[in-house]
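For reference, the structure discussed in these notes is given below.
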Amino acid sequence: MTARRILYCSSEAYPLIKTGGLGDVAGSLPRALQQLGHDVRLVLPAYRDLLHNLAQRPRQLGQWEVDGQLVNLWQTTLPASRVKTWLVDCPALFGRPGNPYHDTDGEPWPDNAQRFALFGKVAALLASDQLGLEWQPDIVHGNDWQCGLLPVYLNEFDSRPATVFTIHNLAYQGLFDRATFEQLGLPESLWHFTALEYHNQLSFIKGGLVYSDHLTTVSPTYAREIQTPAFGQGMEGLLAYRAADLSGILNGIDTRVWNPGTDRLIVKRYNRQHLADKGINKQALQAQFDLPQDNAVLLMGMVTRLAEQKGIDLILDSLPDLLRLPVQLVILGSGDKRYEQRLQEAVRQYPRQLAVTLGYDETLAHRIEAGADLFLMPSRFEPCGLNQLYSQRYGTLPLVTPVGGLADTVMDTRLDTSGQALQESEASGFVMSEVSRAALEESVERALELYAQQTLWRHVQRIAMGRDFSWQRSAGRYVQLYEQLLQQRMAVIT
Ligand code: ADP
Ligand code: GLC
């Protein structure tokens, strides 16, 4: 195997800065690639909160003026790894507290286009070694719309590395008006529907989709779904056109962070052999949320961004029917104010069965994974989804819709098969037959039937906990892809 140089660019990476699954992926895939023997650099914007999170002062690699902005480049190490991490520090654009993408009211920062154009530009300069660091990658890997202009800028250089662009969520496209396109000084030739223009707007994500050598998304099913109008968010035509260069590689999980046997954030650690200890986490969670501490009740959990994608409206609409059953539901979430309000109202109506914490809370997320019996993810679409993977590892059976990565990673449990057949199957959760209230309610009832047969429930928990979702396999797939792209380039050159 040839060791390759890989520049991995992302707008977030756990534990330095995280708002969702992209943070988890960018915080663990680079390390997995490094462990396979490659030389990886992670590039991130130096948000103020990120700089405050650093345990040690980073090393300055240089200072430049880029597009009229003063940019410092810092080098640090991704915590608990040896991955060199480059921080693009432009105080005027990134030196503000709070969320990377929006203000405290949830409104996108008004200069997001300038912020992520500059990030893409600096990443392109690094990728082509224009800043004199004497490190030129073989592969540049960008993620989501925030990295969309990176391959566009990179294309301006004569020789450039091979480029991969990963779609984590097509619902976020980085759309801006024509005036912004002009302010960014992008060449007029790019204002075209085959380039960056999308219905008279500037689309950052199209930069990634049109100008990268290869596109990936985070599950095989989502890779197929986004070529159809139902899931393509308007990009289906372009994605179908690029089908030969589009593939799906499932996310892995960081098994050091998400491991019930070693997790320091949960009340009582446990493993497949000591599943009874999981019950202590259930009791503690019920107590923390002021719910009756009753083991006979099925405790359902949810940890989620409160966005339409996540099917939170299905849950809200189903509450009167669901809460007629012997179940409790705890939800940790933040996002859309409408959903936050509706959840608060529902808690007043069902105080003994429903509990909600609004906000972002890493510890509570782990405690829900450990304490719940069933984990709900009724997503309308789900590129991959990580919580259903964490839940399986924690023996918390996921109940999911048959879409995207959920369909690829959860095996349905059917009780109409005999107990014996179930014993021999690989069932690890519950897959709804479709995205609907009726299917949600039917699946919760199926879960209750299984919960009533504790031996079978335990069996399915053990299957789920034994499944391998570590990064090893997926990182190997990315390496194969990189090699394939580099071979293709050699073939063109020779
Ligand atoms: P998405 O990236 O679409 O939000 P994923 O399932 O891929 O969905 O990843 C979500 C990640 O963010 C998980 O690690 C999950 O635990 C975490 N998360 C989501 N909402 C919260 C929250 N309110 N508090 C803590 N962690 C959260
Ligand atoms: C996105 C998707 C989610 C995926 C995550 C990481 O935020 O919504 O399904 O798991 O990215 O790839």
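By convention in this document, the chains of the structure tokens carry letters A, B, ... by their order, each chain's residues are numbered from 1, and ligands are numbered from 1 in the order they are shown.
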
Nearby polymer residues, ligand 1, at most 8 Å, only C-alpha atoms and all ligand atoms, as a ChimeraX atom specification: /A:18-24,168-169,303-306,309-310,332-334,358-366,382-388

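Residues with any atom within 9 Å of A:Val66, counting only C-alpha atoms and excluding same-chain neighbours fewer than 6 positions away, are Leu118, Lys121 and Val122 of chain A.
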
Alpha helix (DSSP H) call set, DSSP backbone run, stretch 18-91 of chain A, as a PyMOL selection string: chain A and resi 21-26+29-35+48-53+91

Shell around stretch 5-13 of chain A at 10 Å using only C-alpha atoms, local window under 5 positions removed, as a PyMOL selection string: chain A and resi 18-30+33-34+37-47+50+78+85-86+100-101+116+119-120+123-124+126-127+135-147+150+161-165+479+482

Long-range neighbours of stretch 373-380 of chain A as a ChimeraX atom specification, 6 Å cut-off, only C-alpha atoms, 4 positions minimum in chain: /A:299-302,309-311,396-401

Write the residues of the selection above to a file with all heavy atoms, as an mmCIF file, in the first residue's frame.
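Dumped everything to selection.cif:
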```cif
data_model
loop_
_atom_site.group_PDB
_atom_site.id
_atom_site.type_symbol
_atom_site.label_atom_id
_atom_site.label_comp_id
_atom_site.auth_asym_id
_atom_site.auth_seq_id
_atom_site.Cartn_x
_atom_site.Cartn_y
_atom_site.Cartn_z
ATOM 1 N N LEU A 299 -39.412 2.484 27.924
ATOM 2 C CA LEU A 299 -38.906 3.866 27.893
ATOM 3 C C LEU A 299 -38.316 4.157 26.504
ATOM 4 O O LEU A 299 -37.341 3.528 26.087
ATOM 5 C CB LEU A 299 -37.841 4.061 28.987
ATOM 6 C CG LEU A 299 -37.180 5.435 29.069
ATOM 7 C CD1 LEU A 299 -38.198 6.556 29.232
ATOM 8 C CD2 LEU A 299 -36.161 5.481 30.220
ATOM 9 N N MET A 300 -38.931 5.102 25.820
ATOM 10 C CA MET A 300 -38.469 5.455 24.474
ATOM 11 C C MET A 300 -37.651 6.748 24.550
ATOM 12 O O MET A 300 -37.981 7.649 25.319
ATOM 13 C CB MET A 300 -39.669 5.664 23.544
ATOM 14 C CG MET A 300 -40.667 4.507 23.563
ATOM 15 S SD MET A 300 -41.949 4.645 22.303
ATOM 16 C CE MET A 300 -42.892 6.042 22.881
ATOM 17 N N GLY A 301 -36.608 6.839 23.742
ATOM 18 C CA GLY A 301 -35.756 8.028 23.766
ATOM 19 C C GLY A 301 -35.560 8.602 22.379
ATOM 20 O O GLY A 301 -35.724 7.910 21.366
ATOM 21 N N MET A 302 -35.225 9.887 22.355
ATOM 22 C CA MET A 302 -34.915 10.576 21.088
ATOM 23 C C MET A 302 -33.883 11.642 21.377
ATOM 24 O O MET A 302 -34.016 12.377 22.369
ATOM 25 C CB MET A 302 -36.174 11.284 20.588
ATOM 26 C CG MET A 302 -36.761 10.727 19.337
ATOM 27 S SD MET A 302 -38.114 11.751 18.739
ATOM 28 C CE MET A 302 -37.574 12.009 17.069
ATOM 29 N N GLN A 309 -36.805 17.166 8.783
ATOM 30 C CA GLN A 309 -36.146 15.911 8.386
ATOM 31 C C GLN A 309 -36.374 14.782 9.383
ATOM 32 O O GLN A 309 -36.531 13.623 9.021
ATOM 33 C CB GLN A 309 -34.636 16.188 8.250
ATOM 34 C CG GLN A 309 -33.798 14.938 8.049
ATOM 35 C CD GLN A 309 -32.301 15.196 8.175
ATOM 36 O OE1 GLN A 309 -31.865 16.344 8.286
ATOM 37 N NE2 GLN A 309 -31.501 14.153 8.159
ATOM 38 N N LYS A 310 -36.389 15.124 10.669
ATOM 39 C CA LYS A 310 -36.329 14.101 11.707
ATOM 40 C C LYS A 310 -37.697 13.516 12.086
ATOM 41 O O LYS A 310 -37.797 12.709 13.001
ATOM 42 C CB LYS A 310 -35.635 14.662 12.946
ATOM 43 C CG LYS A 310 -34.211 15.173 12.661
ATOM 44 C CD LYS A 310 -33.276 14.038 12.256
ATOM 45 C CE LYS A 310 -31.867 14.546 11.965
ATOM 46 N NZ LYS A 310 -30.935 13.485 11.593
ATOM 47 N N GLY A 311 -38.765 13.968 11.407
ATOM 48 C CA GLY A 311 -40.090 13.381 11.631
ATOM 49 C C GLY A 311 -40.664 13.691 13.002
ATOM 50 O O GLY A 311 -41.524 12.965 13.502
ATOM 51 N N THR A 396 -30.031 -0.399 22.850
ATOM 52 C CA THR A 396 -31.266 0.385 22.867
ATOM 53 C C THR A 396 -31.847 0.248 21.462
ATOM 54 O O THR A 396 -31.344 0.851 20.521
ATOM 55 C CB THR A 396 -30.926 1.856 23.204
ATOM 56 O OG1 THR A 396 -30.223 1.853 24.450
ATOM 57 C CG2 THR A 396 -32.143 2.727 23.301
ATOM 58 N N LEU A 397 -32.868 -0.586 21.317
ATOM 59 C CA LEU A 397 -33.260 -0.971 19.965
ATOM 60 C C LEU A 397 -33.816 0.210 19.186
ATOM 61 O O LEU A 397 -34.726 0.902 19.661
ATOM 62 C CB LEU A 397 -34.287 -2.111 20.017
ATOM 63 C CG LEU A 397 -33.829 -3.349 20.790
ATOM 64 C CD1 LEU A 397 -34.835 -4.493 20.615
ATOM 65 C CD2 LEU A 397 -32.434 -3.808 20.354
ATOM 66 N N PRO A 398 -33.269 0.471 17.996
ATOM 67 C CA PRO A 398 -33.757 1.605 17.211
ATOM 68 C C PRO A 398 -35.047 1.277 16.471
ATOM 69 O O PRO A 398 -35.219 0.159 15.983
ATOM 70 C CB PRO A 398 -32.622 1.868 16.220
ATOM 71 C CG PRO A 398 -31.894 0.577 16.109
ATOM 72 C CD PRO A 398 -32.097 -0.173 17.398
ATOM 73 N N LEU A 399 -35.932 2.255 16.414
ATOM 74 C CA LEU A 399 -37.158 2.131 15.620
ATOM 75 C C LEU A 399 -37.043 3.209 14.545
ATOM 76 O O LEU A 399 -36.986 4.401 14.866
ATOM 77 C CB LEU A 399 -38.368 2.350 16.521
ATOM 78 C CG LEU A 399 -39.747 2.094 15.902
ATOM 79 C CD1 LEU A 399 -40.757 1.804 16.998
ATOM 80 C CD2 LEU A 399 -40.224 3.243 15.059
ATOM 81 N N VAL A 400 -36.980 2.787 13.288
ATOM 82 C CA VAL A 400 -36.600 3.724 12.219
ATOM 83 C C VAL A 400 -37.542 3.623 11.014
ATOM 84 O O VAL A 400 -38.248 2.627 10.846
ATOM 85 C CB VAL A 400 -35.156 3.442 11.744
ATOM 86 C CG1 VAL A 400 -34.163 3.512 12.894
ATOM 87 C CG2 VAL A 400 -35.054 2.072 11.051
ATOM 88 N N THR A 401 -37.469 4.663 10.166
ATOM 89 C CA THR A 401 -38.178 4.627 8.885
ATOM 90 C C THR A 401 -37.299 3.889 7.857
ATOM 91 O O THR A 401 -36.081 3.808 8.038
ATOM 92 C CB THR A 401 -38.442 6.064 8.400
ATOM 93 O OG1 THR A 401 -37.296 6.852 8.711
ATOM 94 C CG2 THR A 401 -39.660 6.659 9.059
#
```

Within 12 Å of A:Gly466, counting only C-alpha atoms, which residues show up once you throw out same-chain ones fewer than 4 positions away? Write them as a PDB file with all heavy atoms, in the first residue's frame, please.
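The resulting file, selection.pdb, is shown below:
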```
ATOM      1  N   ASN A 259     -19.281   3.732  23.740  1.00  0.00           N
ATOM      2  CA  ASN A 259     -19.072   2.368  24.203  1.00  0.00           C
ATOM      3  C   ASN A 259     -19.637   2.246  25.616  1.00  0.00           C
ATOM      4  O   ASN A 259     -19.102   2.840  26.554  1.00  0.00           O
ATOM      5  CB  ASN A 259     -17.555   2.076  24.201  1.00  0.00           C
ATOM      6  CG  ASN A 259     -17.255   0.689  24.720  1.00  0.00           C
ATOM      7  OD1 ASN A 259     -18.142  -0.021  25.201  1.00  0.00           O
ATOM      8  ND2 ASN A 259     -15.992   0.299  24.629  1.00  0.00           N
ATOM      9  N   ASN A 271     -22.204  -4.121  29.573  1.00  0.00           N
ATOM     10  CA  ASN A 271     -21.883  -4.728  28.281  1.00  0.00           C
ATOM     11  C   ASN A 271     -22.867  -5.858  27.997  1.00  0.00           C
ATOM     12  O   ASN A 271     -23.829  -6.037  28.754  1.00  0.00           O
ATOM     13  CB  ASN A 271     -20.424  -5.217  28.263  1.00  0.00           C
ATOM     14  CG  ASN A 271     -20.152  -6.204  29.380  1.00  0.00           C
ATOM     15  OD1 ASN A 271     -21.019  -7.009  29.737  1.00  0.00           O
ATOM     16  ND2 ASN A 271     -18.962  -6.139  29.951  1.00  0.00           N
ATOM     17  N   ARG A 272     -22.613  -6.592  26.941  1.00  0.00           N
ATOM     18  CA  ARG A 272     -23.574  -7.630  26.519  1.00  0.00           C
ATOM     19  C   ARG A 272     -23.786  -8.683  27.605  1.00  0.00           C
ATOM     20  O   ARG A 272     -24.845  -9.268  27.705  1.00  0.00           O
ATOM     21  CB  ARG A 272     -23.062  -8.347  25.273  1.00  0.00           C
ATOM     22  CG  ARG A 272     -23.199  -7.527  24.024  1.00  0.00           C
ATOM     23  CD  ARG A 272     -22.397  -8.149  22.915  1.00  0.00           C
ATOM     24  NE  ARG A 272     -23.144  -9.160  22.180  1.00  0.00           N
ATOM     25  CZ  ARG A 272     -22.593 -10.072  21.402  1.00  0.00           C
ATOM     26  NH1 ARG A 272     -21.279 -10.118  21.270  1.00  0.00           N
ATOM     27  NH2 ARG A 272     -23.339 -10.931  20.754  1.00  0.00           N
ATOM     28  N   GLN A 273     -22.756  -8.941  28.374  1.00  0.00           N
ATOM     29  CA  GLN A 273     -22.851  -9.958  29.427  1.00  0.00           C
ATOM     30  C   GLN A 273     -23.555  -9.432  30.677  1.00  0.00           C
ATOM     31  O   GLN A 273     -24.030 -10.211  31.487  1.00  0.00           O
ATOM     32  CB  GLN A 273     -21.452 -10.472  29.841  1.00  0.00           C
ATOM     33  CG  GLN A 273     -20.895 -11.567  28.930  1.00  0.00           C
ATOM     34  CD  GLN A 273     -20.546 -11.027  27.561  1.00  0.00           C
ATOM     35  OE1 GLN A 273     -19.879 -10.006  27.458  1.00  0.00           O
ATOM     36  NE2 GLN A 273     -21.021 -11.697  26.507  1.00  0.00           N
ATOM     37  N   LEU A 389     -26.941   3.878  15.117  1.00  0.00           N
ATOM     38  CA  LEU A 389     -25.745   3.045  15.284  1.00  0.00           C
ATOM     39  C   LEU A 389     -25.325   3.048  16.758  1.00  0.00           C
ATOM     40  O   LEU A 389     -25.014   2.008  17.338  1.00  0.00           O
ATOM     41  CB  LEU A 389     -24.599   3.561  14.404  1.00  0.00           C
ATOM     42  CG  LEU A 389     -24.911   3.744  12.907  1.00  0.00           C
ATOM     43  CD1 LEU A 389     -23.688   4.240  12.153  1.00  0.00           C
ATOM     44  CD2 LEU A 389     -25.400   2.440  12.294  1.00  0.00           C
ATOM     45  N   TYR A 390     -25.342   4.257  17.360  1.00  0.00           N
ATOM     46  CA  TYR A 390     -25.012   4.337  18.793  1.00  0.00           C
ATOM     47  C   TYR A 390     -25.997   3.484  19.588  1.00  0.00           C
ATOM     48  O   TYR A 390     -25.605   2.744  20.495  1.00  0.00           O
ATOM     49  CB  TYR A 390     -25.078   5.788  19.300  1.00  0.00           C
ATOM     50  CG  TYR A 390     -24.169   6.764  18.572  1.00  0.00           C
ATOM     51  CD1 TYR A 390     -24.534   8.093  18.400  1.00  0.00           C
ATOM     52  CD2 TYR A 390     -22.952   6.351  18.060  1.00  0.00           C
ATOM     53  CE1 TYR A 390     -23.711   8.992  17.740  1.00  0.00           C
ATOM     54  CE2 TYR A 390     -22.119   7.245  17.386  1.00  0.00           C
ATOM     55  CZ  TYR A 390     -22.518   8.564  17.227  1.00  0.00           C
ATOM     56  OH  TYR A 390     -21.704   9.444  16.570  1.00  0.00           O
ATOM     57  N   SER A 391     -27.292   3.600  19.249  1.00  0.00           N
ATOM     58  CA  SER A 391     -28.301   2.866  20.029  1.00  0.00           C
ATOM     59  C   SER A 391     -28.048   1.370  19.966  1.00  0.00           C
ATOM     60  O   SER A 391     -28.163   0.687  20.987  1.00  0.00           O
ATOM     61  CB  SER A 391     -29.715   3.078  19.532  1.00  0.00           C
ATOM     62  OG  SER A 391     -29.901   4.279  18.987  1.00  0.00           O
ATOM     63  N   GLN A 392     -27.726   0.872  18.781  1.00  0.00           N
ATOM     64  CA  GLN A 392     -27.514  -0.576  18.692  1.00  0.00           C
ATOM     65  C   GLN A 392     -26.362  -0.984  19.605  1.00  0.00           C
ATOM     66  O   GLN A 392     -26.424  -1.979  20.303  1.00  0.00           O
ATOM     67  CB  GLN A 392     -27.262  -0.991  17.236  1.00  0.00           C
ATOM     68  CG  GLN A 392     -28.540  -0.877  16.410  1.00  0.00           C
ATOM     69  CD  GLN A 392     -28.364  -1.238  14.949  1.00  0.00           C
ATOM     70  OE1 GLN A 392     -28.179  -2.400  14.611  1.00  0.00           O
ATOM     71  NE2 GLN A 392     -28.436  -0.251  14.074  1.00  0.00           N
ATOM     72  N   ARG A 393     -25.332  -0.178  19.601  1.00  0.00           N
ATOM     73  CA  ARG A 393     -24.182  -0.503  20.448  1.00  0.00           C
ATOM     74  C   ARG A 393     -24.524  -0.461  21.940  1.00  0.00           C
ATOM     75  O   ARG A 393     -23.910  -1.136  22.753  1.00  0.00           O
ATOM     76  CB  ARG A 393     -23.066   0.485  20.144  1.00  0.00           C
ATOM     77  CG  ARG A 393     -21.743   0.040  20.658  1.00  0.00           C
ATOM     78  CD  ARG A 393     -20.632   0.745  19.918  1.00  0.00           C
ATOM     79  NE  ARG A 393     -19.395   0.628  20.681  1.00  0.00           N
ATOM     80  CZ  ARG A 393     -18.646  -0.434  20.717  1.00  0.00           C
ATOM     81  NH1 ARG A 393     -18.965  -1.494  20.033  1.00  0.00           N
ATOM     82  NH2 ARG A 393     -17.535  -0.448  21.450  1.00  0.00           N
ATOM     83  N   TYR A 394     -25.541   0.364  22.273  1.00  0.00           N
ATOM     84  CA  TYR A 394     -25.956   0.493  23.674  1.00  0.00           C
ATOM     85  C   TYR A 394     -27.116  -0.436  24.018  1.00  0.00           C
ATOM     86  O   TYR A 394     -27.696  -0.335  25.097  1.00  0.00           O
ATOM     87  CB  TYR A 394     -26.335   1.958  23.980  1.00  0.00           C
ATOM     88  CG  TYR A 394     -25.119   2.842  24.235  1.00  0.00           C
ATOM     89  CD1 TYR A 394     -24.219   3.132  23.208  1.00  0.00           C
ATOM     90  CD2 TYR A 394     -24.842   3.358  25.489  1.00  0.00           C
ATOM     91  CE1 TYR A 394     -23.100   3.915  23.416  1.00  0.00           C
ATOM     92  CE2 TYR A 394     -23.721   4.155  25.720  1.00  0.00           C
ATOM     93  CZ  TYR A 394     -22.858   4.422  24.674  1.00  0.00           C
ATOM     94  OH  TYR A 394     -21.750   5.203  24.899  1.00  0.00           O
ATOM     95  N   GLY A 395     -27.485  -1.334  23.076  1.00  0.00           N
ATOM     96  CA  GLY A 395     -28.575  -2.270  23.341  1.00  0.00           C
ATOM     97  C   GLY A 395     -29.923  -1.577  23.456  1.00  0.00           C
ATOM     98  O   GLY A 395     -30.843  -2.089  24.095  1.00  0.00           O
ATOM     99  N   GLU A 426     -30.879 -11.942  12.329  1.00  0.00           N
ATOM    100  CA  GLU A 426     -29.933 -10.870  12.647  1.00  0.00           C
ATOM    101  C   GLU A 426     -30.682  -9.603  13.054  1.00  0.00           C
ATOM    102  O   GLU A 426     -30.127  -8.507  12.969  1.00  0.00           O
ATOM    103  CB  GLU A 426     -29.087 -10.577  11.406  1.00  0.00           C
ATOM    104  CG  GLU A 426     -28.032 -11.630  11.111  1.00  0.00           C
ATOM    105  CD  GLU A 426     -26.931 -11.610  12.166  1.00  0.00           C
ATOM    106  OE1 GLU A 426     -26.175 -10.631  12.195  1.00  0.00           O
ATOM    107  OE2 GLU A 426     -26.850 -12.555  12.972  1.00  0.00           O
ATOM    108  N   ALA A 427     -31.954  -9.769  13.445  1.00  0.00           N
ATOM    109  CA  ALA A 427     -32.792  -8.611  13.753  1.00  0.00           C
ATOM    110  C   ALA A 427     -32.149  -7.751  14.840  1.00  0.00           C
ATOM    111  O   ALA A 427     -31.624  -8.266  15.824  1.00  0.00           O
ATOM    112  CB  ALA A 427     -34.160  -9.084  14.213  1.00  0.00           C
ATOM    113  N   SER A 428     -32.190  -6.417  14.651  1.00  0.00           N
ATOM    114  CA  SER A 428     -31.518  -5.544  15.619  1.00  0.00           C
ATOM    115  C   SER A 428     -32.342  -4.315  15.971  1.00  0.00           C
ATOM    116  O   SER A 428     -31.850  -3.404  16.618  1.00  0.00           O
ATOM    117  CB  SER A 428     -30.167  -5.106  15.062  1.00  0.00           C
ATOM    118  OG  SER A 428     -30.363  -4.387  13.862  1.00  0.00           O
ATOM    119  N   HIS A 459     -32.257 -11.132  23.604  1.00  0.00           N
ATOM    120  CA  HIS A 459     -31.551 -11.731  22.476  1.00  0.00           C
ATOM    121  C   HIS A 459     -31.303 -10.676  21.389  1.00  0.00           C
ATOM    122  O   HIS A 459     -30.185 -10.535  20.881  1.00  0.00           O
ATOM    123  CB  HIS A 459     -32.380 -12.898  21.917  1.00  0.00           C
ATOM    124  CG  HIS A 459     -31.796 -13.464  20.669  1.00  0.00           C
ATOM    125  ND1 HIS A 459     -30.680 -14.294  20.690  1.00  0.00           N
ATOM    126  CD2 HIS A 459     -32.136 -13.298  19.371  1.00  0.00           C
ATOM    127  CE1 HIS A 459     -30.373 -14.609  19.440  1.00  0.00           C
ATOM    128  NE2 HIS A 459     -31.230 -14.030  18.631  1.00  0.00           N
ATOM    129  N   VAL A 460     -32.348  -9.921  21.061  1.00  0.00           N
ATOM    130  CA  VAL A 460     -32.195  -8.908  20.006  1.00  0.00           C
ATOM    131  C   VAL A 460     -31.207  -7.826  20.469  1.00  0.00           C
ATOM    132  O   VAL A 460     -30.368  -7.346  19.695  1.00  0.00           O
ATOM    133  CB  VAL A 460     -33.573  -8.305  19.622  1.00  0.00           C
ATOM    134  CG1 VAL A 460     -33.408  -7.237  18.551  1.00  0.00           C
ATOM    135  CG2 VAL A 460     -34.510  -9.401  19.120  1.00  0.00           C
ATOM    136  N   GLN A 461     -31.271  -7.465  21.750  1.00  0.00           N
ATOM    137  CA  GLN A 461     -30.305  -6.474  22.276  1.00  0.00           C
ATOM    138  C   GLN A 461     -28.860  -6.950  22.049  1.00  0.00           C
ATOM    139  O   GLN A 461     -28.000  -6.194  21.624  1.00  0.00           O
ATOM    140  CB  GLN A 461     -30.499  -6.285  23.784  1.00  0.00           C
ATOM    141  CG  GLN A 461     -31.669  -5.385  24.156  1.00  0.00           C
ATOM    142  CD  GLN A 461     -31.736  -5.189  25.660  1.00  0.00           C
ATOM    143  OE1 GLN A 461     -31.832  -6.170  26.403  1.00  0.00           O
ATOM    144  NE2 GLN A 461     -31.699  -3.947  26.114  1.00  0.00           N
ATOM    145  N   ARG A 462     -28.645  -8.235  22.327  1.00  0.00           N
ATOM    146  CA  ARG A 462     -27.270  -8.757  22.194  1.00  0.00           C
ATOM    147  C   ARG A 462     -26.819  -8.755  20.736  1.00  0.00           C
ATOM    148  O   ARG A 462     -25.667  -8.456  20.430  1.00  0.00           O
ATOM    149  CB  ARG A 462     -27.165 -10.168  22.781  1.00  0.00           C
ATOM    150  CG  ARG A 462     -27.242 -10.143  24.289  1.00  0.00           C
ATOM    151  CD  ARG A 462     -26.591 -11.345  24.957  1.00  0.00           C
ATOM    152  NE  ARG A 462     -26.721 -11.161  26.393  1.00  0.00           N
ATOM    153  CZ  ARG A 462     -27.761 -11.602  27.114  1.00  0.00           C
ATOM    154  NH1 ARG A 462     -28.717 -12.315  26.525  1.00  0.00           N
ATOM    155  NH2 ARG A 462     -27.837 -11.350  28.397  1.00  0.00           N
ATOM    156  N   SER A 470     -17.637  -0.045  13.459  1.00  0.00           N
ATOM    157  CA  SER A 470     -16.415   0.741  13.642  1.00  0.00           C
ATOM    158  C   SER A 470     -15.969   1.319  12.291  1.00  0.00           C
ATOM    159  O   SER A 470     -16.432   0.878  11.236  1.00  0.00           O
ATOM    160  CB  SER A 470     -15.320  -0.137  14.217  1.00  0.00           C
ATOM    161  OG  SER A 470     -15.028  -1.146  13.283  1.00  0.00           O
TER     162      SER A 470
END
```

Residues of stretch 141-344 of chain A in strand (DSSP E or B), written as a VMD selection string: chain A and resid 141 to 143 162 to 167 175 to 176 197 to 198 201 to 203 214 to 217 246 to 248 253 298 to 306 327 to 335

For A:Ala407: contacts at 10 Å, only C-alpha atoms, fewer than 3 positions along chain excluded, given as a VMD selection string: chain A and resid 219 to 222 382 384 400 to 404 410 to 412 431 to 432

Output N, CA and C atoms of each residue in that selection to a file, as an mmCIF file, in the first residue's frame.
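Wrote it out as out.cif, contents follow:
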```cif
data_model
loop_
_atom_site.group_PDB
_atom_site.id
_atom_site.type_symbol
_atom_site.label_atom_id
_atom_site.label_comp_id
_atom_site.auth_asym_id
_atom_site.auth_seq_id
_atom_site.Cartn_x
_atom_site.Cartn_y
_atom_site.Cartn_z
ATOM 1 N N SER A 219 -24.511 6.802 2.721
ATOM 2 C CA SER A 219 -25.075 5.441 2.726
ATOM 3 C C SER A 219 -25.416 5.065 1.289
ATOM 4 N N PRO A 220 -25.377 3.783 0.954
ATOM 5 C CA PRO A 220 -25.725 3.358 -0.406
ATOM 6 C C PRO A 220 -27.167 3.716 -0.774
ATOM 7 N N THR A 221 -28.096 3.558 0.168
ATOM 8 C CA THR A 221 -29.494 3.851 -0.180
ATOM 9 C C THR A 221 -29.687 5.334 -0.485
ATOM 10 N N TYR A 222 -29.084 6.216 0.333
ATOM 11 C CA TYR A 222 -29.232 7.656 0.062
ATOM 12 C C TYR A 222 -28.598 8.010 -1.286
ATOM 13 N N GLU A 382 -32.872 10.338 5.681
ATOM 14 C CA GLU A 382 -31.727 10.258 6.591
ATOM 15 C C GLU A 382 -30.504 9.782 5.802
ATOM 16 N N CYS A 384 -27.390 9.198 6.523
ATOM 17 C CA CYS A 384 -26.877 7.995 7.203
ATOM 18 C C CYS A 384 -27.592 7.859 8.535
ATOM 19 N N VAL A 400 -36.980 2.787 13.288
ATOM 20 C CA VAL A 400 -36.600 3.724 12.219
ATOM 21 C C VAL A 400 -37.542 3.623 11.014
ATOM 22 N N THR A 401 -37.469 4.663 10.166
ATOM 23 C CA THR A 401 -38.178 4.627 8.885
ATOM 24 C C THR A 401 -37.299 3.889 7.857
ATOM 25 N N PRO A 402 -37.923 3.400 6.765
ATOM 26 C CA PRO A 402 -37.135 2.626 5.799
ATOM 27 C C PRO A 402 -36.447 3.526 4.785
ATOM 28 N N VAL A 403 -35.655 4.482 5.242
ATOM 29 C CA VAL A 403 -35.021 5.425 4.305
ATOM 30 C C VAL A 403 -33.520 5.512 4.570
ATOM 31 N N GLY A 404 -32.778 5.852 3.519
ATOM 32 C CA GLY A 404 -31.348 6.168 3.615
ATOM 33 C C GLY A 404 -30.566 5.192 4.458
ATOM 34 N N VAL A 410 -30.328 -0.989 9.988
ATOM 35 C CA VAL A 410 -31.185 -1.619 11.012
ATOM 36 C C VAL A 410 -31.917 -2.797 10.381
ATOM 37 N N MET A 411 -31.846 -3.950 11.008
ATOM 38 C CA MET A 411 -32.556 -5.133 10.512
ATOM 39 C C MET A 411 -33.841 -5.285 11.311
ATOM 40 N N ASP A 412 -34.939 -5.464 10.616
ATOM 41 C CA ASP A 412 -36.246 -5.474 11.267
ATOM 42 C C ASP A 412 -36.490 -6.753 12.076
ATOM 43 N N VAL A 431 -38.108 -1.639 11.817
ATOM 44 C CA VAL A 431 -38.136 -0.782 10.627
ATOM 45 C C VAL A 431 -39.598 -0.561 10.244
ATOM 46 N N MET A 432 -40.020 0.702 10.229
ATOM 47 C CA MET A 432 -41.397 1.012 9.852
ATOM 48 C C MET A 432 -41.616 0.674 8.381
#
```

Residues within 10 Å of A:Asn281, only C-alpha atoms, excluding chain neighbours under 3 positions, as a PyMOL selection string: chain A and resi 266-270+276-278+284-287+367-372

A:Leu154, A:Ala80, A:Leu54, A:Ala179 ranked by distance to A:Ala113, top pick (using only C-alpha atoms):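 Ranked by minimum distance to A:Ala113, first place goes to A:Ala179.
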
Option closest in space to ligand 2, from A:Leu170, A:Leu343, A:Leu16, A:Leu246 [counting only C-alpha atoms and all ligand atoms]: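 The closest residue to ligand 2 is A:Leu170.
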
Point-to-point distance in Å for atom CA of A:Ala195 and atom CA of A:Trp109: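 Going from atom CA of A:Trp109 over to atom CA of A:Ala195, I get 24.8 Å.
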
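Straight-line separation from atom CA of A:Arg477 to atom CA of A:Ala171: 25.1 Å.
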
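Here atom CA of A:Gln472 and atom CA of A:Gln35 stand 9.0 Å from one another.
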
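Shortest separation to A:Leu486 among A:Ser425, A:Gln173, A:Gln75, A:Thr2 occurs at residue A:Thr2, atoms counted being only C-alpha atoms.
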
Best match for closeness to A:Arg82 among A:Val327, A:Ala32, A:Leu202, A:Ile17, counting only C-alpha atoms: A:Ala32
